[in-house]
Amino acid sequence: MRDALPHVGPGQVVGLLGGSFDPPHMGHVHITREALKRFGLDRVWWLVSPGNPLKEHGPAPLDRRLAAAKRIMQHPRAVVTDIEAQIGTRYTAETLEALLSLYPRNRFVWLMGADNLAQFHLWERWEWIMANVRIGILARPGGRIEALNAPAARFGRPWRLPAAQAGLLAHSAAPAWCFVNVPMKAISSSEIRARGDWG
Ligand SMILES: Nc1ncnc2c1ncn2[C@@H]1O[C@H](COP(=O)(O)OP(=O)(O)OP(=O)(O)O)[C@@H](O)[C@H]1O
Ligand SMILES: O=C(O)c1ccc[n+]([C@@H]2O[C@H](COP(=O)([O-])O)[C@@H](O)[C@H]2O)c1
C-alpha cells in the first residue's frame, strides 16, 4: 500500500530532492542535511522517482529503493516519499506543477547536485522550472566548473543568488537559484552498483 501524501504546516518551506536513489547512499543524506542548514528549509522531501525519463535502463523496483531510502535517511525534518508514483508524474516540471497546486500555502525549493545542473537544459520544460521554482544546487566532486558554465546556468545568470545569501533562497520569489559549495562526498549510486553491492 502506498503512503499518504506528506503533511506540512502552512507557510513551511520544503526542499525537494528528486532522484533515482538506485541505491540511496550517504551522499544523498549529506546533501539533505546541508540543504536544510544552508537554504533555511523546514523540511526536505525525497522524491524517489518511478524512473528518470532520460535514463535508458529502468532502476530497481520502486518499493525496494523506497525501503532502502527510509532506512538510510534518518532525520526528524526529512521525509522519504513516492509522491511521483502517487500523483502519476515522472517529469519534474509536471511534479512541481502538481505540488504547487496541492500545497498552495507552502513554498518549495528544488534541490539537486551540481551534475544535474550540467544536464538541466535537457529536461522537459526546464526553462519553466527555472522561472517558477527556487532551485538550490549543492557541489559534487568534479561537477562545479562544468555546471556553472552549462546552458541552464548561463540562461539563469540574472537570477543567481550569491552563496553568501543562500539562507535567503527560500524567502526569495522565483526565479532564484543558488549554488553552494559544501564539503563534498565522492560517492554515487553507479559506483555502488558497479561494485555489485546492490543487486
Ligand atoms: N555525492 C553526491 N554529492 C552531491 N549530490 C549528489 C551526490 N549523490 C547524489 N547527488 C544528487 O542527488 C540527486 C539524486 O541522485 P541519484 O539518485 O541520481 O544518485 P547518483 O549517485 O547521482 O546516481 P547515479 O550514479 O546512478 O547517476 C541528484 O540531484 C544528484 O546530483
Ligand atoms: O523532467 C525531466 O525531464 C527530468 C530529466 C532527468 C531527471 N529528472 C529528475 O531529476 C532527478 C534526479 O534524477 P537522477 O536519475 O539523476 O537521480 C529525478 O527527480 C528525476 O526525475 C527529470
# chains A, B, ... in the order shown; residues from 1 in each chain; ligands from 1
call {"tool": "residues_near_ligand", "arguments": {"ligand": "ligand 1", "cutoff": "7 Å", "atoms": "only C-alpha atoms and all ligand atoms", "output": "PyMOL selection string"}}
result
chain A and resi 17-22+24+27-28+31+111-116+138-141+184-191
call {"tool": "residues_near_ligand", "arguments": {"ligand": "ligand 2", "cutoff": "7 Å", "atoms": "only C-alpha atoms and all ligand atoms", "output": "list of chain:residue names"}}
result
A:Leu17, A:Gly18, A:Gly19, A:Ser20, A:Phe21, A:Leu47, A:Ser49, A:Gly51, A:Asn52, A:Pro53, A:Leu54, A:Lys55, A:Arg90, A:Tyr91, A:Thr92, A:Ala93, A:Asn116, A:Leu122, A:Trp123, A:Glu124
call {"tool": "write_last_selection", "arguments": {"atoms": "N, CA and C atoms", "output": "PDB file, in the first residue's frame"}}
result
ATOM      1  N   LEU A  17      14.185  16.809  -2.970  1.00  0.00           N
ATOM      2  CA  LEU A  17      15.334  16.133  -3.584  1.00  0.00           C
ATOM      3  C   LEU A  17      14.824  14.953  -4.397  1.00  0.00           C
ATOM      4  N   GLY A  18      14.731  15.180  -5.706  1.00  0.00           N
ATOM      5  CA  GLY A  18      14.287  14.114  -6.607  1.00  0.00           C
ATOM      6  C   GLY A  18      15.471  13.246  -6.983  1.00  0.00           C
ATOM      7  N   GLY A  19      15.223  11.952  -7.115  1.00  0.00           N
ATOM      8  CA  GLY A  19      16.321  11.096  -7.530  1.00  0.00           C
ATOM      9  C   GLY A  19      15.886   9.681  -7.827  1.00  0.00           C
ATOM     10  N   SER A  20      16.782   8.969  -8.505  1.00  0.00           N
ATOM     11  CA  SER A  20      16.536   7.544  -8.738  1.00  0.00           C
ATOM     12  C   SER A  20      16.805   6.762  -7.458  1.00  0.00           C
ATOM     13  N   PHE A  21      17.776   7.215  -6.668  1.00  0.00           N
ATOM     14  CA  PHE A  21      18.131   6.535  -5.408  1.00  0.00           C
ATOM     15  C   PHE A  21      18.294   5.031  -5.657  1.00  0.00           C
ATOM     16  N   LEU A  47      11.999  12.651  -3.241  1.00  0.00           N
ATOM     17  CA  LEU A  47      11.037  12.142  -4.220  1.00  0.00           C
ATOM     18  C   LEU A  47      11.718  10.975  -4.932  1.00  0.00           C
ATOM     19  N   SER A  49      12.056   8.520  -7.491  1.00  0.00           N
ATOM     20  CA  SER A  49      11.440   8.585  -8.826  1.00  0.00           C
ATOM     21  C   SER A  49      10.987   7.214  -9.325  1.00  0.00           C
ATOM     22  N   GLY A  51      11.277   6.535 -12.240  1.00  0.00           N
ATOM     23  CA  GLY A  51      12.316   6.281 -13.249  1.00  0.00           C
ATOM     24  C   GLY A  51      12.672   7.584 -13.935  1.00  0.00           C
ATOM     25  N   ASN A  52      13.964   7.900 -13.979  1.00  0.00           N
ATOM     26  CA  ASN A  52      14.432   9.117 -14.645  1.00  0.00           C
ATOM     27  C   ASN A  52      14.099   9.029 -16.137  1.00  0.00           C
ATOM     28  N   PRO A  53      13.344  10.028 -16.661  1.00  0.00           N
ATOM     29  CA  PRO A  53      12.945   9.972 -18.066  1.00  0.00           C
ATOM     30  C   PRO A  53      14.123   9.984 -19.032  1.00  0.00           C
ATOM     31  N   LEU A  54      15.310  10.438 -18.590  1.00  0.00           N
ATOM     32  CA  LEU A  54      16.452  10.488 -19.507  1.00  0.00           C
ATOM     33  C   LEU A  54      17.312   9.224 -19.448  1.00  0.00           C
ATOM     34  N   LYS A  55      17.039   8.344 -18.482  1.00  0.00           N
ATOM     35  CA  LYS A  55      17.898   7.160 -18.361  1.00  0.00           C
ATOM     36  C   LYS A  55      17.283   5.989 -19.109  1.00  0.00           C
ATOM     37  N   ARG A  90       6.256  11.934 -13.825  1.00  0.00           N
ATOM     38  CA  ARG A  90       7.622  11.437 -13.980  1.00  0.00           C
ATOM     39  C   ARG A  90       8.545  12.608 -14.332  1.00  0.00           C
ATOM     40  N   TYR A  91       8.023  13.524 -15.136  1.00  0.00           N
ATOM     41  CA  TYR A  91       8.809  14.709 -15.469  1.00  0.00           C
ATOM     42  C   TYR A  91       8.726  15.694 -14.309  1.00  0.00           C
ATOM     43  N   THR A  92       9.867  16.292 -13.995  1.00  0.00           N
ATOM     44  CA  THR A  92       9.939  17.186 -12.831  1.00  0.00           C
ATOM     45  C   THR A  92       8.993  18.380 -12.971  1.00  0.00           C
ATOM     46  N   ALA A  93       8.882  18.933 -14.178  1.00  0.00           N
ATOM     47  CA  ALA A  93       8.000  20.101 -14.350  1.00  0.00           C
ATOM     48  C   ALA A  93       6.558  19.734 -13.967  1.00  0.00           C
ATOM     49  N   ASN A 116      23.546  17.561 -11.988  1.00  0.00           N
ATOM     50  CA  ASN A 116      22.241  17.723 -12.627  1.00  0.00           C
ATOM     51  C   ASN A 116      22.053  19.126 -13.200  1.00  0.00           C
ATOM     52  N   LEU A 122      18.474  19.667 -20.655  1.00  0.00           N
ATOM     53  CA  LEU A 122      17.892  18.534 -21.402  1.00  0.00           C
ATOM     54  C   LEU A 122      16.553  18.107 -20.807  1.00  0.00           C
ATOM     55  N   TRP A 123      16.197  18.683 -19.680  1.00  0.00           N
ATOM     56  CA  TRP A 123      14.956  18.288 -19.007  1.00  0.00           C
ATOM     57  C   TRP A 123      13.748  18.914 -19.712  1.00  0.00           C
ATOM     58  N   GLU A 124      12.649  18.216 -19.620  1.00  0.00           N
ATOM     59  CA  GLU A 124      11.371  18.695 -20.152  1.00  0.00           C
ATOM     60  C   GLU A 124      11.004  20.032 -19.468  1.00  0.00           C
TER      61      GLU A 124
END
call {"tool": "atom_distance", "arguments": {"atom1": "atom CA of A:Gly11", "atom2": "atom CA of A:Ala163"}}
result
23.7 Å
call {"tool": "atom_distance", "arguments": {"atom1": "atom CA of A:Ala60", "atom2": "atom CA of A:Arg195"}}
result
15.5 Å
call {"tool": "closest_residue", "arguments": {"among": "A:Gly40, A:Pro104, A:Gly9, A:Pro23", "to": "A:Ile72", "atoms": "only C-alpha atoms"}}
result
A:Pro23
call {"tool": "select_by_dssp", "arguments": {"residues": "stretch 41-198 of chain A", "states": "strand (DSSP E or B)", "output": "ChimeraX atom specification"}}
result
/A:43-48,78-81,107-113,134-138,160-161,177-180
call {"tool": "residues_around", "arguments": {"residues": "A:Ser172", "least_positions_apart": "4", "cutoff": "9 Å", "atoms": "only C-alpha atoms", "output": "list in words"}}
result
Arg134, Leu168 and Ala176 of chain A
call {"tool": "write_last_selection", "arguments": {"atoms": "C-alpha atoms", "output": "PDB file, in the first residue's frame"}}
result
ATOM      1  CA  ARG A 134      13.500  28.215  -6.480  1.00  0.00           C
ATOM      2  CA  LEU A 168      17.518  33.903   1.651  1.00  0.00           C
ATOM      3  CA  ALA A 176      16.008  32.427  -7.892  1.00  0.00           C
TER       4      ALA A 176
END
call {"tool": "residues_around", "arguments": {"residues": "A:Ala78", "least_positions_apart": "3", "cutoff": "7 Å", "atoms": "only C-alpha atoms", "output": "list in words"}}
result
Arg43, Val44, Trp45 and His75 of chain A
call {"tool": "select_by_dssp", "arguments": {"residues": "stretch 156-195 of chain A", "states": "helix (DSSP H, G or I)", "output": "PDB file with N, CA and C atoms, in the first residue's frame"}}
result
ATOM      1  N   ARG A 157      21.600  33.188 -15.284  1.00  0.00           N
ATOM      2  CA  ARG A 157      22.577  34.050 -14.591  1.00  0.00           C
ATOM      3  C   ARG A 157      21.947  35.235 -13.855  1.00  0.00           C
ATOM      4  N   PRO A 158      20.967  35.961 -14.432  1.00  0.00           N
ATOM      5  CA  PRO A 158      20.427  37.135 -13.726  1.00  0.00           C
ATOM      6  C   PRO A 158      19.720  36.785 -12.421  1.00  0.00           C
ATOM      7  N   TRP A 159      19.367  35.541 -12.248  1.00  0.00           N
ATOM      8  CA  TRP A 159      18.575  35.163 -11.073  1.00  0.00           C
ATOM      9  C   TRP A 159      19.391  34.420 -10.022  1.00  0.00           C
ATOM     10  N   ALA A 163      26.274  32.639  -2.955  1.00  0.00           N
ATOM     11  CA  ALA A 163      26.233  31.605  -1.908  1.00  0.00           C
ATOM     12  C   ALA A 163      26.106  32.220  -0.515  1.00  0.00           C
ATOM     13  N   ALA A 164      26.674  33.414  -0.344  1.00  0.00           N
ATOM     14  CA  ALA A 164      26.597  34.067   0.973  1.00  0.00           C
ATOM     15  C   ALA A 164      25.144  34.378   1.335  1.00  0.00           C
ATOM     16  N   GLN A 165      24.272  34.408   0.345  1.00  0.00           N
ATOM     17  CA  GLN A 165      22.848  34.681   0.620  1.00  0.00           C
ATOM     18  C   GLN A 165      21.972  33.440   0.503  1.00  0.00           C
ATOM     19  N   ALA A 166      22.593  32.267   0.619  1.00  0.00           N
ATOM     20  CA  ALA A 166      21.842  31.010   0.451  1.00  0.00           C
ATOM     21  C   ALA A 166      20.644  30.930   1.393  1.00  0.00           C
ATOM     22  N   GLY A 167      20.814  31.488   2.583  1.00  0.00           N
ATOM     23  CA  GLY A 167      19.732  31.443   3.579  1.00  0.00           C
ATOM     24  C   GLY A 167      18.504  32.242   3.147  1.00  0.00           C
ATOM     25  N   LEU A 168      18.660  33.102   2.132  1.00  0.00           N
ATOM     26  CA  LEU A 168      17.518  33.903   1.651  1.00  0.00           C
ATOM     27  C   LEU A 168      16.749  33.206   0.535  1.00  0.00           C
ATOM     28  N   LEU A 169      17.303  32.092   0.033  1.00  0.00           N
ATOM     29  CA  LEU A 169      16.697  31.460  -1.146  1.00  0.00           C
ATOM     30  C   LEU A 169      15.225  31.133  -0.924  1.00  0.00           C
ATOM     31  N   ALA A 170      14.930  30.522   0.216  1.00  0.00           N
ATOM     32  CA  ALA A 170      13.556  30.084   0.480  1.00  0.00           C
ATOM     33  C   ALA A 170      12.589  31.263   0.544  1.00  0.00           C
ATOM     34  N   HIS A 171      13.121  32.441   0.843  1.00  0.00           N
ATOM     35  CA  HIS A 171      12.256  33.611   1.023  1.00  0.00           C
ATOM     36  C   HIS A 171      12.317  34.567  -0.171  1.00  0.00           C
ATOM     37  N   SER A 189      25.575   6.310  -6.804  1.00  0.00           N
ATOM     38  CA  SER A 189      24.838   5.049  -6.937  1.00  0.00           C
ATOM     39  C   SER A 189      25.494   4.161  -7.986  1.00  0.00           C
ATOM     40  N   SER A 190      25.979   4.785  -9.081  1.00  0.00           N
ATOM     41  CA  SER A 190      26.553   3.941 -10.140  1.00  0.00           C
ATOM     42  C   SER A 190      27.777   3.193  -9.625  1.00  0.00           C
ATOM     43  N   GLU A 191      28.548   3.860  -8.761  1.00  0.00           N
ATOM     44  CA  GLU A 191      29.736   3.190  -8.213  1.00  0.00           C
ATOM     45  C   GLU A 191      29.310   2.008  -7.323  1.00  0.00           C
ATOM     46  N   ILE A 192      28.266   2.196  -6.560  1.00  0.00           N
ATOM     47  CA  ILE A 192      27.793   1.113  -5.683  1.00  0.00           C
ATOM     48  C   ILE A 192      27.265  -0.050  -6.536  1.00  0.00           C
ATOM     49  N   ARG A 193      26.531   0.296  -7.603  1.00  0.00           N
ATOM     50  CA  ARG A 193      26.020  -0.771  -8.488  1.00  0.00           C
ATOM     51  C   ARG A 193      27.181  -1.506  -9.163  1.00  0.00           C
ATOM     52  N   ALA A 194      28.208  -0.735  -9.561  1.00  0.00           N
ATOM     53  CA  ALA A 194      29.348  -1.367 -10.250  1.00  0.00           C
ATOM     54  C   ALA A 194      30.086  -2.338  -9.322  1.00  0.00           C
TER      55      ALA A 194
END
call {"tool": "atom_distance", "arguments": {"atom1": "atom CA of A:Val133", "atom2": "atom CA of A:His121"}}
result
15.0 Å
call {"tool": "residues_around", "arguments": {"residues": "A:Ala150", "least_positions_apart": "4", "cutoff": "8 Å", "atoms": "only C-alpha atoms", "output": "PDB file with C-alpha atoms, in the first residue's frame"}}
result
ATOM      1  CA  LEU A 117      22.669  21.458 -13.273  1.00  0.00           C
ATOM      2  CA  ALA A 118      25.059  20.499 -16.091  1.00  0.00           C
ATOM      3  CA  GLN A 119      22.292  18.352 -17.657  1.00  0.00           C
ATOM      4  CA  GLU A 146      31.014  22.279 -15.931  1.00  0.00           C
ATOM      5  CA  ARG A 154      24.034  30.822 -18.359  1.00  0.00           C
TER       6      ARG A 154
END
call {"tool": "residues_around", "arguments": {"residues": "stretch 101-103 of chain A", "least_positions_apart": "4", "cutoff": "10 Å", "atoms": "only C-alpha atoms", "output": "PyMOL selection string"}}
result
chain A and resi 5+7-11+96-97+107-108
call {"tool": "write_last_selection", "arguments": {"atoms": "N, CA and C atoms", "output": "compact mmCIF listing (two decimals), in the first residue's frame"}}
result
# COMPACT_ATOMS: atom_id res chain seq x y z
N LEU A 5 0.04 11.33 0.97
CA LEU A 5 0.88 12.50 0.69
C LEU A 5 1.32 13.10 2.01
N HIS A 7 2.24 15.48 5.16
CA HIS A 7 1.63 16.67 5.75
C HIS A 7 2.73 17.69 6.02
N VAL A 8 2.42 18.95 5.83
CA VAL A 8 3.37 20.01 6.20
C VAL A 8 2.57 21.23 6.62
N GLY A 9 3.06 21.90 7.68
CA GLY A 9 2.32 23.04 8.22
C GLY A 9 2.29 24.21 7.26
N PRO A 10 1.24 25.07 7.36
CA PRO A 10 1.14 26.22 6.48
C PRO A 10 2.37 27.11 6.59
N GLY A 11 2.82 27.62 5.47
CA GLY A 11 3.95 28.55 5.47
C GLY A 11 5.31 27.88 5.49
N LEU A 96 6.29 19.37 -10.17
CA LEU A 96 6.30 20.66 -9.48
C LEU A 96 4.97 21.38 -9.65
N GLU A 97 4.43 21.32 -10.86
CA GLU A 97 3.12 21.95 -11.08
C GLU A 97 2.07 21.34 -10.15
N ARG A 107 6.01 26.82 0.32
CA ARG A 107 6.99 27.17 -0.69
C ARG A 107 7.91 25.98 -0.93
N PHE A 108 8.38 25.82 -2.15
CA PHE A 108 9.23 24.70 -2.49
C PHE A 108 10.57 25.17 -3.06
call {"tool": "closest_residue", "arguments": {"among": "A:Leu66, A:Ala98, A:Ala131, A:Ala173", "to": "A:Phe155", "atoms": "only C-alpha atoms"}}
result
A:Ala131
call {"tool": "decode", "arguments": {"residues": "stretch 6-147 of chain A", "atoms": "C-alpha atoms", "output": "PDB file, in the first residue's frame"}}
result
ATOM      1  CA  PRO A   6       3.060  14.086   3.386  1.00  0.00           C
ATOM      2  CA  HIS A   7       1.630  16.674   5.751  1.00  0.00           C
ATOM      3  CA  VAL A   8       3.373  20.009   6.200  1.00  0.00           C
ATOM      4  CA  GLY A   9       2.317  23.035   8.222  1.00  0.00           C
ATOM      5  CA  PRO A  10       1.137  26.223   6.475  1.00  0.00           C
ATOM      6  CA  GLY A  11       3.947  28.553   5.467  1.00  0.00           C
ATOM      7  CA  GLN A  12       6.657  25.938   5.789  1.00  0.00           C
ATOM      8  CA  VAL A  13       9.374  25.686   3.178  1.00  0.00           C
ATOM      9  CA  VAL A  14      10.022  22.280   1.686  1.00  0.00           C
ATOM     10  CA  GLY A  15      13.157  21.254  -0.186  1.00  0.00           C
ATOM     11  CA  LEU A  16      12.539  18.568  -2.809  1.00  0.00           C
ATOM     12  CA  LEU A  17      15.334  16.133  -3.584  1.00  0.00           C
ATOM     13  CA  GLY A  18      14.287  14.114  -6.607  1.00  0.00           C
ATOM     14  CA  GLY A  19      16.321  11.096  -7.530  1.00  0.00           C
ATOM     15  CA  SER A  20      16.536   7.544  -8.738  1.00  0.00           C
ATOM     16  CA  PHE A  21      18.131   6.535  -5.408  1.00  0.00           C
ATOM     17  CA  ASP A  22      19.286   3.317  -7.083  1.00  0.00           C
ATOM     18  CA  PRO A  23      20.533   2.801  -4.410  1.00  0.00           C
ATOM     19  CA  PRO A  24      20.312   5.647  -1.887  1.00  0.00           C
ATOM     20  CA  HIS A  25      23.655   6.443  -0.230  1.00  0.00           C
ATOM     21  CA  MET A  26      25.385   8.730   2.260  1.00  0.00           C
ATOM     22  CA  GLY A  27      25.937  11.388  -0.425  1.00  0.00           C
ATOM     23  CA  HIS A  28      22.150  11.869  -0.558  1.00  0.00           C
ATOM     24  CA  VAL A  29      21.952  12.015   3.230  1.00  0.00           C
ATOM     25  CA  HIS A  30      24.811  14.500   3.369  1.00  0.00           C
ATOM     26  CA  ILE A  31      23.323  16.956   0.833  1.00  0.00           C
ATOM     27  CA  THR A  32      19.952  16.714   2.581  1.00  0.00           C
ATOM     28  CA  ARG A  33      21.486  17.792   5.875  1.00  0.00           C
ATOM     29  CA  GLU A  34      23.477  20.556   4.186  1.00  0.00           C
ATOM     30  CA  ALA A  35      20.422  21.800   2.271  1.00  0.00           C
ATOM     31  CA  LEU A  36      18.365  22.008   5.477  1.00  0.00           C
ATOM     32  CA  LYS A  37      21.066  24.179   7.048  1.00  0.00           C
ATOM     33  CA  ARG A  38      22.259  26.270   4.128  1.00  0.00           C
ATOM     34  CA  PHE A  39      18.957  27.086   2.425  1.00  0.00           C
ATOM     35  CA  GLY A  40      16.922  27.642   5.595  1.00  0.00           C
ATOM     36  CA  LEU A  41      14.446  24.837   4.858  1.00  0.00           C
ATOM     37  CA  ASP A  42      11.852  23.473   7.276  1.00  0.00           C
ATOM     38  CA  ARG A  43      11.681  20.078   5.580  1.00  0.00           C
ATOM     39  CA  VAL A  44      13.291  18.049   2.844  1.00  0.00           C
ATOM     40  CA  TRP A  45      11.209  15.507   0.987  1.00  0.00           C
ATOM     41  CA  TRP A  46      12.980  12.869  -1.045  1.00  0.00           C
ATOM     42  CA  LEU A  47      11.037  12.142  -4.220  1.00  0.00           C
ATOM     43  CA  VAL A  48      12.036   8.598  -5.079  1.00  0.00           C
ATOM     44  CA  SER A  49      11.440   8.585  -8.826  1.00  0.00           C
ATOM     45  CA  PRO A  50       9.474   5.907 -10.699  1.00  0.00           C
ATOM     46  CA  GLY A  51      12.316   6.281 -13.249  1.00  0.00           C
ATOM     47  CA  ASN A  52      14.432   9.117 -14.645  1.00  0.00           C
ATOM     48  CA  PRO A  53      12.945   9.972 -18.066  1.00  0.00           C
ATOM     49  CA  LEU A  54      16.452  10.488 -19.507  1.00  0.00           C
ATOM     50  CA  LYS A  55      17.898   7.160 -18.361  1.00  0.00           C
ATOM     51  CA  GLU A  56      17.644   4.283 -20.800  1.00  0.00           C
ATOM     52  CA  HIS A  57      17.694   1.485 -18.228  1.00  0.00           C
ATOM     53  CA  GLY A  58      14.977   1.370 -15.585  1.00  0.00           C
ATOM     54  CA  PRO A  59      16.071   1.383 -11.940  1.00  0.00           C
ATOM     55  CA  ALA A  60      15.471  -1.320  -9.294  1.00  0.00           C
ATOM     56  CA  PRO A  61      11.808  -1.697  -8.250  1.00  0.00           C
ATOM     57  CA  LEU A  62      10.402   1.382  -6.562  1.00  0.00           C
ATOM     58  CA  ASP A  63       9.440  -0.409  -3.329  1.00  0.00           C
ATOM     59  CA  ARG A  64      12.970  -1.660  -2.873  1.00  0.00           C
ATOM     60  CA  ARG A  65      14.511   1.791  -3.422  1.00  0.00           C
ATOM     61  CA  LEU A  66      11.910   3.386  -1.164  1.00  0.00           C
ATOM     62  CA  ALA A  67      12.560   0.945   1.680  1.00  0.00           C
ATOM     63  CA  ALA A  68      16.331   1.446   1.400  1.00  0.00           C
ATOM     64  CA  ALA A  69      15.862   5.227   1.350  1.00  0.00           C
ATOM     65  CA  LYS A  70      13.744   5.113   4.514  1.00  0.00           C
ATOM     66  CA  ARG A  71      16.426   3.064   6.273  1.00  0.00           C
ATOM     67  CA  ILE A  72      19.277   5.409   5.410  1.00  0.00           C
ATOM     68  CA  MET A  73      17.625   8.848   5.674  1.00  0.00           C
ATOM     69  CA  GLN A  74      17.108   9.331   9.382  1.00  0.00           C
ATOM     70  CA  HIS A  75      16.430  12.954  10.272  1.00  0.00           C
ATOM     71  CA  PRO A  76      13.425  14.477  12.026  1.00  0.00           C
ATOM     72  CA  ARG A  77      12.911  17.006   9.212  1.00  0.00           C
ATOM     73  CA  ALA A  78      13.483  14.688   6.255  1.00  0.00           C
ATOM     74  CA  VAL A  79      10.730  12.556   4.725  1.00  0.00           C
ATOM     75  CA  VAL A  80      11.149   9.855   2.089  1.00  0.00           C
ATOM     76  CA  THR A  81       8.233   9.806  -0.353  1.00  0.00           C
ATOM     77  CA  ASP A  82       6.957   8.183  -3.546  1.00  0.00           C
ATOM     78  CA  ILE A  83       4.938  11.279  -4.448  1.00  0.00           C
ATOM     79  CA  GLU A  84       5.579  10.932  -8.191  1.00  0.00           C
ATOM     80  CA  ALA A  85       4.197   7.389  -8.253  1.00  0.00           C
ATOM     81  CA  GLN A  86       1.189   8.562  -6.239  1.00  0.00           C
ATOM     82  CA  ILE A  87       0.297  11.508  -8.412  1.00  0.00           C
ATOM     83  CA  GLY A  88       1.343   9.802 -11.648  1.00  0.00           C
ATOM     84  CA  THR A  89       4.110  12.157 -12.779  1.00  0.00           C
ATOM     85  CA  ARG A  90       7.622  11.437 -13.980  1.00  0.00           C
ATOM     86  CA  TYR A  91       8.809  14.709 -15.469  1.00  0.00           C
ATOM     87  CA  THR A  92       9.939  17.186 -12.831  1.00  0.00           C
ATOM     88  CA  ALA A  93       8.000  20.101 -14.350  1.00  0.00           C
ATOM     89  CA  GLU A  94       4.759  18.108 -14.027  1.00  0.00           C
ATOM     90  CA  THR A  95       5.591  17.080 -10.466  1.00  0.00           C
ATOM     91  CA  LEU A  96       6.297  20.658  -9.484  1.00  0.00           C
ATOM     92  CA  GLU A  97       3.115  21.950 -11.078  1.00  0.00           C
ATOM     93  CA  ALA A  98       1.116  19.333  -9.176  1.00  0.00           C
ATOM     94  CA  LEU A  99       2.807  20.126  -5.859  1.00  0.00           C
ATOM     95  CA  LEU A 100       2.298  23.872  -6.284  1.00  0.00           C
ATOM     96  CA  SER A 101      -1.418  23.279  -6.669  1.00  0.00           C
ATOM     97  CA  LEU A 102      -1.685  20.581  -3.953  1.00  0.00           C
ATOM     98  CA  TYR A 103       0.192  22.719  -1.386  1.00  0.00           C
ATOM     99  CA  PRO A 104      -0.776  26.332  -2.150  1.00  0.00           C
ATOM    100  CA  ARG A 105       0.259  27.520   1.334  1.00  0.00           C
ATOM    101  CA  ASN A 106       3.832  26.223   1.111  1.00  0.00           C
ATOM    102  CA  ARG A 107       6.990  27.169  -0.694  1.00  0.00           C
ATOM    103  CA  PHE A 108       9.233  24.696  -2.490  1.00  0.00           C
ATOM    104  CA  VAL A 109      12.916  24.627  -3.336  1.00  0.00           C
ATOM    105  CA  TRP A 110      14.061  22.093  -5.937  1.00  0.00           C
ATOM    106  CA  LEU A 111      17.366  20.573  -4.790  1.00  0.00           C
ATOM    107  CA  MET A 112      19.994  18.905  -6.920  1.00  0.00           C
ATOM    108  CA  GLY A 113      23.673  18.097  -7.134  1.00  0.00           C
ATOM    109  CA  ALA A 114      25.919  20.070  -9.492  1.00  0.00           C
ATOM    110  CA  ASP A 115      25.941  17.220 -12.044  1.00  0.00           C
ATOM    111  CA  ASN A 116      22.241  17.723 -12.627  1.00  0.00           C
ATOM    112  CA  LEU A 117      22.669  21.458 -13.273  1.00  0.00           C
ATOM    113  CA  ALA A 118      25.059  20.499 -16.091  1.00  0.00           C
ATOM    114  CA  GLN A 119      22.292  18.352 -17.657  1.00  0.00           C
ATOM    115  CA  PHE A 120      19.356  20.553 -16.711  1.00  0.00           C
ATOM    116  CA  HIS A 121      18.831  22.043 -20.195  1.00  0.00           C
ATOM    117  CA  LEU A 122      17.892  18.534 -21.402  1.00  0.00           C
ATOM    118  CA  TRP A 123      14.956  18.288 -19.007  1.00  0.00           C
ATOM    119  CA  GLU A 124      11.371  18.695 -20.152  1.00  0.00           C
ATOM    120  CA  ARG A 125      10.319  22.367 -19.782  1.00  0.00           C
ATOM    121  CA  TRP A 126      13.474  23.263 -17.846  1.00  0.00           C
ATOM    122  CA  GLU A 127      13.066  26.970 -18.551  1.00  0.00           C
ATOM    123  CA  TRP A 128       9.620  26.862 -16.948  1.00  0.00           C
ATOM    124  CA  ILE A 129      11.101  25.166 -13.873  1.00  0.00           C
ATOM    125  CA  MET A 130      13.832  27.756 -13.604  1.00  0.00           C
ATOM    126  CA  ALA A 131      11.420  30.645 -13.991  1.00  0.00           C
ATOM    127  CA  ASN A 132       8.863  29.339 -11.496  1.00  0.00           C
ATOM    128  CA  VAL A 133      10.610  27.342  -8.789  1.00  0.00           C
ATOM    129  CA  ARG A 134      13.500  28.215  -6.480  1.00  0.00           C
ATOM    130  CA  ILE A 135      16.469  25.936  -7.046  1.00  0.00           C
ATOM    131  CA  GLY A 136      19.218  25.026  -4.584  1.00  0.00           C
ATOM    132  CA  ILE A 137      22.312  23.349  -6.027  1.00  0.00           C
ATOM    133  CA  LEU A 138      24.922  21.531  -3.996  1.00  0.00           C
ATOM    134  CA  ALA A 139      28.510  20.974  -5.066  1.00  0.00           C
ATOM    135  CA  ARG A 140      29.503  17.488  -6.153  1.00  0.00           C
ATOM    136  CA  PRO A 141      33.025  16.247  -6.859  1.00  0.00           C
ATOM    137  CA  GLY A 142      34.132  17.091 -10.376  1.00  0.00           C
ATOM    138  CA  GLY A 143      30.984  18.949 -11.360  1.00  0.00           C
ATOM    139  CA  ARG A 144      31.446  22.581 -10.362  1.00  0.00           C
ATOM    140  CA  ILE A 145      33.032  24.257 -13.395  1.00  0.00           C
ATOM    141  CA  GLU A 146      31.014  22.279 -15.931  1.00  0.00           C
ATOM    142  CA  ALA A 147      27.783  23.006 -14.071  1.00  0.00           C
TER     143      ALA A 147
END
